[in-house]
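Engineer: Structure incoming, see below.
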Amino acid sequence: MAADFTCNQEIIEVARKNLTQDVWDYLTGAAESETTLRRNRYALDKLAFLPRVCRDVSKVDPSTTFLGHKLRIPVMLAPIGSLQAIHEGGGASSCAAAAKFGTIPMISSITQPSLEDCAKSAEGPKIFQLYVRGDKAWLKDIIGRVKAAGYAALALTVDSAVYSIRERQLMNQYQPPSVKAQTNRHLQSAITWELMDWIKAEWGGPFILKGVATAADTKLAVERGVDIIYVSNHGGRQLDHCLGAMETLPTVVAAAAGKARILVDGGFLRGSDVIKAVALGADAVLIGRMQGWALAAGGADGLVRSLELIEREITNTLALLGLVSFKELTKDYLCSVDPLGPCHEMSTFAHMPNGRLV
């Protein structure tokens, strides 16, 4: 049973057994040399904690709020295309887990079931992530559907002008369902700031720009009234040889200057990772691969258990830092160090057989 998992490494090991090689590589791999993927982990591993002692930490509250909703921990579920290839419930399973645990899922526009079915599959707020796959008439239609389904916010992904070269998938001759079924993929490469303005206005609610990686683009987004900046390099799955997300985060936070809220993803697997991100200015972290592994290991219950384990790590780490809530956390609790060893998608799990699963 999912409740029997004692740590997230166990969940990952079961996911590896349950997934075929091609689906495992789709979920776990990244673009080209996978340098960006490793830099995501490196950027986290080169931060160390500076704990304070002799403080009453007998009661720790790891919760926060986002879009007016309480989050049990500052961790949300990242959008994953073709999620149904990883777990048959697809986006509906993520929604069910989010509702049960107490967080917000972000549902990909290229996963199944439909946005309407995901919306009604569970209670609680949900965010819809949009890839542009049509003209303005198409966009007007899908945005209308998102509104009617009651989504709390819209996220536009802008770091995917072209589909990256993912060599694990190429060597497997594997195409995820979203790639096989997609039409008008070329329209993603024609997104401009003006089209973003139009989409934002058509939506008319909380708007998230996903895939921001520089201070320059952050400033442009803020000037155009973007509510939420989502720092992401697509988990290393798009442009290779980028900075790690946690190296990018402080520059984006500074450029936003408090005028937009900040989300981040990219290599976050532990509660300590989440704390590092919040200390550097993120409002919340989104998990992608860990979400997929948990669903593959135990469906919605597996994902709830994974979030519970991250919550345990967060609560434990906050207490050991001398903190009772995220409100007390600042960057003064961090310092820079050299990572202890090679960084890759599994390097945070010290007891992984043979160092990693391939």
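Simple scheme: letters A, B, ... for chains in structure tokens order, numbers from 1 for residues in each chain, numbers from 1 for ligands in the order shown.
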I need the helix (DSSP H, G or I) residues of segment 128-174 of chain A per DSSP on the backbone, written as a list in words.
Structural biologist: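 For segment 128-174 of chain A, the helix (DSSP H, G or I) set is Lys136, Ala137, Trp138, Leu139, Lys140, Asp141, Ile142, Ile143, Gly144, Arg145, Val146, Lys147, Ala148, Ala149, Glu167, Arg168, Gln169, Leu170, Met171 and Asn172 of chain A.
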Engineer: Please dump the current selection as a PDB file, in the first residue's frame; keep N, CA and C atoms.
Structural biologist:
ATOM      1  N   LYS A 136      -6.263  32.660 -33.056  1.00  0.00           N
ATOM      2  CA  LYS A 136      -6.977  33.352 -31.986  1.00  0.00           C
ATOM      3  C   LYS A 136      -8.370  32.784 -31.763  1.00  0.00           C
ATOM      4  N   ALA A 137      -8.998  32.294 -32.816  1.00  0.00           N
ATOM      5  CA  ALA A 137     -10.311  31.671 -32.645  1.00  0.00           C
ATOM      6  C   ALA A 137     -10.184  30.407 -31.782  1.00  0.00           C
ATOM      7  N   TRP A 138      -9.122  29.636 -32.036  1.00  0.00           N
ATOM      8  CA  TRP A 138      -8.861  28.425 -31.238  1.00  0.00           C
ATOM      9  C   TRP A 138      -8.569  28.811 -29.797  1.00  0.00           C
ATOM     10  N   LEU A 139      -7.739  29.848 -29.623  1.00  0.00           N
ATOM     11  CA  LEU A 139      -7.399  30.293 -28.272  1.00  0.00           C
ATOM     12  C   LEU A 139      -8.630  30.807 -27.525  1.00  0.00           C
ATOM     13  N   LYS A 140      -9.450  31.557 -28.220  1.00  0.00           N
ATOM     14  CA  LYS A 140     -10.665  32.083 -27.596  1.00  0.00           C
ATOM     15  C   LYS A 140     -11.560  30.933 -27.118  1.00  0.00           C
ATOM     16  N   ASP A 141     -11.629  29.880 -27.929  1.00  0.00           N
ATOM     17  CA  ASP A 141     -12.455  28.731 -27.564  1.00  0.00           C
ATOM     18  C   ASP A 141     -11.909  28.009 -26.336  1.00  0.00           C
ATOM     19  N   ILE A 142     -10.605  27.711 -26.332  1.00  0.00           N
ATOM     20  CA  ILE A 142     -10.063  26.944 -25.211  1.00  0.00           C
ATOM     21  C   ILE A 142     -10.046  27.766 -23.932  1.00  0.00           C
ATOM     22  N   ILE A 143      -9.768  29.064 -24.039  1.00  0.00           N
ATOM     23  CA  ILE A 143      -9.804  29.912 -22.850  1.00  0.00           C
ATOM     24  C   ILE A 143     -11.225  29.980 -22.295  1.00  0.00           C
ATOM     25  N   GLY A 144     -12.216  30.029 -23.177  1.00  0.00           N
ATOM     26  CA  GLY A 144     -13.610  29.994 -22.731  1.00  0.00           C
ATOM     27  C   GLY A 144     -13.929  28.704 -21.999  1.00  0.00           C
ATOM     28  N   ARG A 145     -13.398  27.585 -22.498  1.00  0.00           N
ATOM     29  CA  ARG A 145     -13.606  26.295 -21.832  1.00  0.00           C
ATOM     30  C   ARG A 145     -12.944  26.268 -20.454  1.00  0.00           C
ATOM     31  N   VAL A 146     -11.752  26.850 -20.363  1.00  0.00           N
ATOM     32  CA  VAL A 146     -11.043  26.896 -19.083  1.00  0.00           C
ATOM     33  C   VAL A 146     -11.830  27.731 -18.076  1.00  0.00           C
ATOM     34  N   LYS A 147     -12.359  28.860 -18.531  1.00  0.00           N
ATOM     35  CA  LYS A 147     -13.194  29.689 -17.656  1.00  0.00           C
ATOM     36  C   LYS A 147     -14.422  28.927 -17.182  1.00  0.00           C
ATOM     37  N   ALA A 148     -15.110  28.299 -18.118  1.00  0.00           N
ATOM     38  CA  ALA A 148     -16.341  27.586 -17.786  1.00  0.00           C
ATOM     39  C   ALA A 148     -16.077  26.437 -16.826  1.00  0.00           C
ATOM     40  N   ALA A 149     -14.904  25.839 -16.912  1.00  0.00           N
ATOM     41  CA  ALA A 149     -14.556  24.717 -16.039  1.00  0.00           C
ATOM     42  C   ALA A 149     -14.144  25.174 -14.643  1.00  0.00           C
ATOM     43  N   GLU A 167      17.411  12.780 -26.581  1.00  0.00           N
ATOM     44  CA  GLU A 167      18.071  11.628 -27.168  1.00  0.00           C
ATOM     45  C   GLU A 167      17.624  10.300 -26.556  1.00  0.00           C
ATOM     46  N   ARG A 168      17.240  10.309 -25.304  1.00  0.00           N
ATOM     47  CA  ARG A 168      16.713   9.058 -24.729  1.00  0.00           C
ATOM     48  C   ARG A 168      15.475   8.605 -25.512  1.00  0.00           C
ATOM     49  N   GLN A 169      14.589   9.561 -25.809  1.00  0.00           N
ATOM     50  CA  GLN A 169      13.393   9.226 -26.579  1.00  0.00           C
ATOM     51  C   GLN A 169      13.746   8.810 -28.000  1.00  0.00           C
ATOM     52  N   LEU A 170      14.691   9.514 -28.610  1.00  0.00           N
ATOM     53  CA  LEU A 170      15.073   9.189 -29.983  1.00  0.00           C
ATOM     54  C   LEU A 170      15.662   7.783 -30.079  1.00  0.00           C
ATOM     55  N   MET A 171      16.498   7.426 -29.125  1.00  0.00           N
ATOM     56  CA  MET A 171      17.113   6.103 -29.160  1.00  0.00           C
ATOM     57  C   MET A 171      16.105   4.997 -28.913  1.00  0.00           C
ATOM     58  N   ASN A 172      15.041   5.319 -28.183  1.00  0.00           N
ATOM     59  CA  ASN A 172      13.950   4.366 -27.959  1.00  0.00           C
ATOM     60  C   ASN A 172      12.930   4.371 -29.093  1.00  0.00           C
TER      61      ASN A 172
END
Engineer: Report as a ChimeraX atom specification all protein, DNA and RNA residues lying within 10 Å of Leu321 of chain A, evaluated on only C-alpha atoms, omitting residues in the same chain fewer than 4 positions from it.
Structural biologist: /A:49-53,55,57,315-317,329,333
Engineer: Kindly indicate which residue among A:Arg133, A:Arg356, A:Arg166, A:His87 lies nearest to Pro113 of chain A, using only C-alpha atoms for the distances.
Structural biologist: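 Going through A:Arg133, A:Arg356, A:Arg166, A:His87 one by one, the smallest distance to Pro113 of chain A is for A:His87.
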Engineer: I'd like the neighbourhood of Val337 of chain A as a PyMOL selection string, where a residue qualifies if any of its atoms comes within 12 Å (using only C-alpha atoms), though same-chain residues fewer than 3 positions away should be ignored.
Structural biologist: chain A and resi 42-50+334+340-341
Engineer: Tell me which protein, DNA and RNA residues are within 12 Å of Leu37 of chain A, counting only C-alpha atoms, leaving out same-chain ones fewer than 2 positions away, and put them as JSON, numbers by chain.
Structural biologist: {"A": [28, 29, 30, 31, 32, 33, 34, 35, 39, 40, 41, 42, 43, 44, 166, 232, 233, 234, 235, 236, 237, 238, 239, 240, 241, 242, 243, 244, 245, 246, 265, 266, 267, 268, 289, 343, 344, 345, 346, 347]}
Engineer: Output N, CA, C and O atoms for every residue in the selection just made, as a short mmCIF file (atom, residue, chain, number, x, y, z; two decimals), in the first residue's frame.
Structural biologist:
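again.cif, freshly written:
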data_model
loop_
_atom_site.label_atom_id
_atom_site.label_comp_id
_atom_site.auth_asym_id
_atom_site.auth_seq_id
_atom_site.Cartn_x
_atom_site.Cartn_y
_atom_site.Cartn_z
N THR A 28 12.00 10.74 -17.01
CA THR A 28 13.21 11.00 -16.25
C THR A 28 14.26 11.76 -17.03
O THR A 28 15.06 12.51 -16.45
N GLY A 29 14.28 11.61 -18.34
CA GLY A 29 15.33 12.20 -19.15
C GLY A 29 15.13 13.68 -19.44
O GLY A 29 14.20 14.32 -18.97
N ALA A 30 16.04 14.20 -20.26
CA ALA A 30 16.02 15.63 -20.60
C ALA A 30 16.60 15.80 -22.00
O ALA A 30 16.75 14.84 -22.75
N ALA A 31 16.92 17.03 -22.36
CA ALA A 31 17.37 17.34 -23.72
C ALA A 31 18.87 17.12 -23.89
O ALA A 31 19.67 17.34 -22.98
N GLU A 32 19.23 16.64 -25.07
CA GLU A 32 20.61 16.53 -25.55
C GLU A 32 21.53 15.91 -24.50
O GLU A 32 21.36 14.76 -24.09
N SER A 33 22.52 16.65 -24.00
CA SER A 33 23.50 16.10 -23.05
C SER A 33 22.96 16.05 -21.62
O SER A 33 23.65 15.58 -20.72
N GLU A 34 21.76 16.57 -21.41
CA GLU A 34 21.11 16.62 -20.10
C GLU A 34 21.92 17.46 -19.11
O GLU A 34 21.85 17.27 -17.89
N THR A 35 22.65 18.42 -19.63
CA THR A 35 23.44 19.32 -18.78
C THR A 35 22.55 20.20 -17.93
O THR A 35 22.81 20.40 -16.73
N ARG A 39 22.49 20.62 -13.94
CA ARG A 39 22.71 21.92 -13.31
C ARG A 39 21.57 22.29 -12.36
O ARG A 39 21.79 23.01 -11.37
N ASN A 40 20.36 21.84 -12.67
CA ASN A 40 19.26 22.07 -11.73
C ASN A 40 19.60 21.47 -10.37
O ASN A 40 19.40 22.08 -9.32
N ARG A 41 20.11 20.24 -10.39
CA ARG A 41 20.46 19.58 -9.14
C ARG A 41 21.70 20.23 -8.51
O ARG A 41 21.76 20.44 -7.29
N TYR A 42 22.67 20.59 -9.33
CA TYR A 42 23.89 21.23 -8.85
C TYR A 42 23.56 22.53 -8.12
O TYR A 42 24.13 22.84 -7.06
N ALA A 43 22.64 23.32 -8.69
CA ALA A 43 22.30 24.61 -8.09
C ALA A 43 21.67 24.44 -6.71
O ALA A 43 21.82 25.31 -5.84
N LEU A 44 20.99 23.34 -6.50
CA LEU A 44 20.43 23.05 -5.17
C LEU A 44 21.50 22.51 -4.23
O LEU A 44 21.56 22.89 -3.06
N ARG A 166 15.52 15.18 -27.60
CA ARG A 166 15.60 14.36 -26.40
C ARG A 166 16.12 12.98 -26.80
O ARG A 166 15.38 12.14 -27.32
N SER A 232 11.43 28.54 -14.82
CA SER A 232 11.52 27.14 -15.24
C SER A 232 12.39 27.02 -16.48
O SER A 232 12.34 27.87 -17.37
N ASN A 233 13.18 25.95 -16.52
CA ASN A 233 13.86 25.57 -17.75
C ASN A 233 13.30 24.25 -18.26
O ASN A 233 13.97 23.49 -18.94
N HIS A 234 12.03 23.99 -17.89
CA HIS A 234 11.32 22.79 -18.34
C HIS A 234 11.98 21.52 -17.80
O HIS A 234 11.98 20.46 -18.44
N GLY A 235 12.57 21.65 -16.61
CA GLY A 235 13.23 20.50 -16.02
C GLY A 235 14.42 20.01 -16.83
O GLY A 235 14.79 18.83 -16.76
N GLY A 236 15.02 20.92 -17.60
CA GLY A 236 16.13 20.53 -18.47
C GLY A 236 15.70 19.86 -19.76
O GLY A 236 16.52 19.34 -20.51
N ARG A 237 14.40 19.91 -20.05
CA ARG A 237 13.86 19.16 -21.18
C ARG A 237 13.75 19.98 -22.47
O ARG A 237 13.33 19.46 -23.50
N GLN A 238 14.11 21.26 -22.40
CA GLN A 238 14.04 22.10 -23.60
C GLN A 238 15.44 22.56 -24.00
O GLN A 238 16.18 21.82 -24.62
N LEU A 239 15.85 23.77 -23.66
CA LEU A 239 17.17 24.26 -24.02
C LEU A 239 18.22 23.64 -23.11
O LEU A 239 18.15 23.77 -21.88
N ASP A 240 19.20 22.96 -23.70
CA ASP A 240 20.29 22.41 -22.91
C ASP A 240 21.32 23.51 -22.62
O ASP A 240 21.35 24.54 -23.27
N HIS A 241 22.15 23.27 -21.61
CA HIS A 241 23.22 24.18 -21.19
C HIS A 241 22.68 25.49 -20.63
O HIS A 241 23.31 26.55 -20.77
N CYS A 242 21.53 25.42 -19.98
CA CYS A 242 21.01 26.57 -19.23
C CYS A 242 21.61 26.58 -17.82
O CYS A 242 22.17 25.60 -17.35
N LEU A 243 21.43 27.70 -17.13
CA LEU A 243 21.70 27.74 -15.70
C LEU A 243 20.68 26.86 -14.99
O LEU A 243 19.57 26.65 -15.46
N GLY A 244 21.06 26.38 -13.80
CA GLY A 244 20.09 25.69 -12.97
C GLY A 244 19.01 26.65 -12.52
O GLY A 244 19.25 27.86 -12.37
N ALA A 245 17.81 26.14 -12.28
CA ALA A 245 16.68 27.00 -11.90
C ALA A 245 16.98 27.81 -10.64
O ALA A 245 16.59 28.97 -10.53
N MET A 246 17.69 27.22 -9.68
CA MET A 246 17.99 27.93 -8.45
C MET A 246 19.08 28.98 -8.63
O MET A 246 19.24 29.86 -7.79
N ASP A 265 10.33 25.58 -10.72
CA ASP A 265 10.49 24.13 -10.75
C ASP A 265 11.87 23.82 -11.32
O ASP A 265 12.59 24.70 -11.75
N GLY A 266 12.24 22.53 -11.26
CA GLY A 266 13.50 22.12 -11.84
C GLY A 266 14.41 21.41 -10.85
O GLY A 266 15.25 22.05 -10.20
N GLY A 267 14.21 20.10 -10.67
CA GLY A 267 15.08 19.31 -9.83
C GLY A 267 14.69 19.22 -8.37
O GLY A 267 15.44 18.68 -7.56
N PHE A 268 13.51 19.72 -8.02
CA PHE A 268 13.08 19.73 -6.62
C PHE A 268 12.51 18.35 -6.24
O PHE A 268 11.50 17.91 -6.78
N ARG A 289 8.89 15.51 -12.04
CA ARG A 289 9.32 14.11 -12.07
C ARG A 289 8.86 13.36 -10.82
O ARG A 289 8.40 12.22 -10.92
N CYS A 343 26.36 15.56 -9.81
CA CYS A 343 24.93 15.88 -9.69
C CYS A 343 24.18 15.32 -10.89
O CYS A 343 24.57 15.53 -12.04
N HIS A 344 23.10 14.61 -10.63
CA HIS A 344 22.24 14.10 -11.68
C HIS A 344 20.83 13.94 -11.11
O HIS A 344 20.58 14.34 -9.96
N GLU A 345 19.92 13.37 -11.87
CA GLU A 345 18.52 13.36 -11.45
C GLU A 345 18.26 12.55 -10.18
O GLU A 345 17.23 12.71 -9.53
N MET A 346 19.19 11.69 -9.79
CA MET A 346 19.01 10.86 -8.60
C MET A 346 20.01 11.17 -7.49
O MET A 346 20.03 10.49 -6.48
N SER A 347 20.86 12.16 -7.65
CA SER A 347 21.99 12.31 -6.74
C SER A 347 21.60 12.73 -5.33
O SER A 347 22.41 12.62 -4.41
#
Engineer: Which one of A:Arg38, A:Lys200, A:Arg305, A:Lys259 sits closest to Ala98 of chain A if you count only C-alpha atoms?
Structural biologist: A:Arg305
Engineer: Would you give me, as a PyMOL selection string, the residues in segment 253-357 of chain A that DSSP reads as strand (DSSP E)?
Structural biologist: chain A and resi 261-264+284-287+334-336
Engineer: Which residue is closest to Lys276 of chain A? Choose from A:Ile110, A:Ala97, A:Val264, A:Ala216 and count only C-alpha atoms.
Structural biologist: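 Among A:Ile110, A:Ala97, A:Val264, A:Ala216, it is A:Val264 that comes nearest to Lys276 of chain A.
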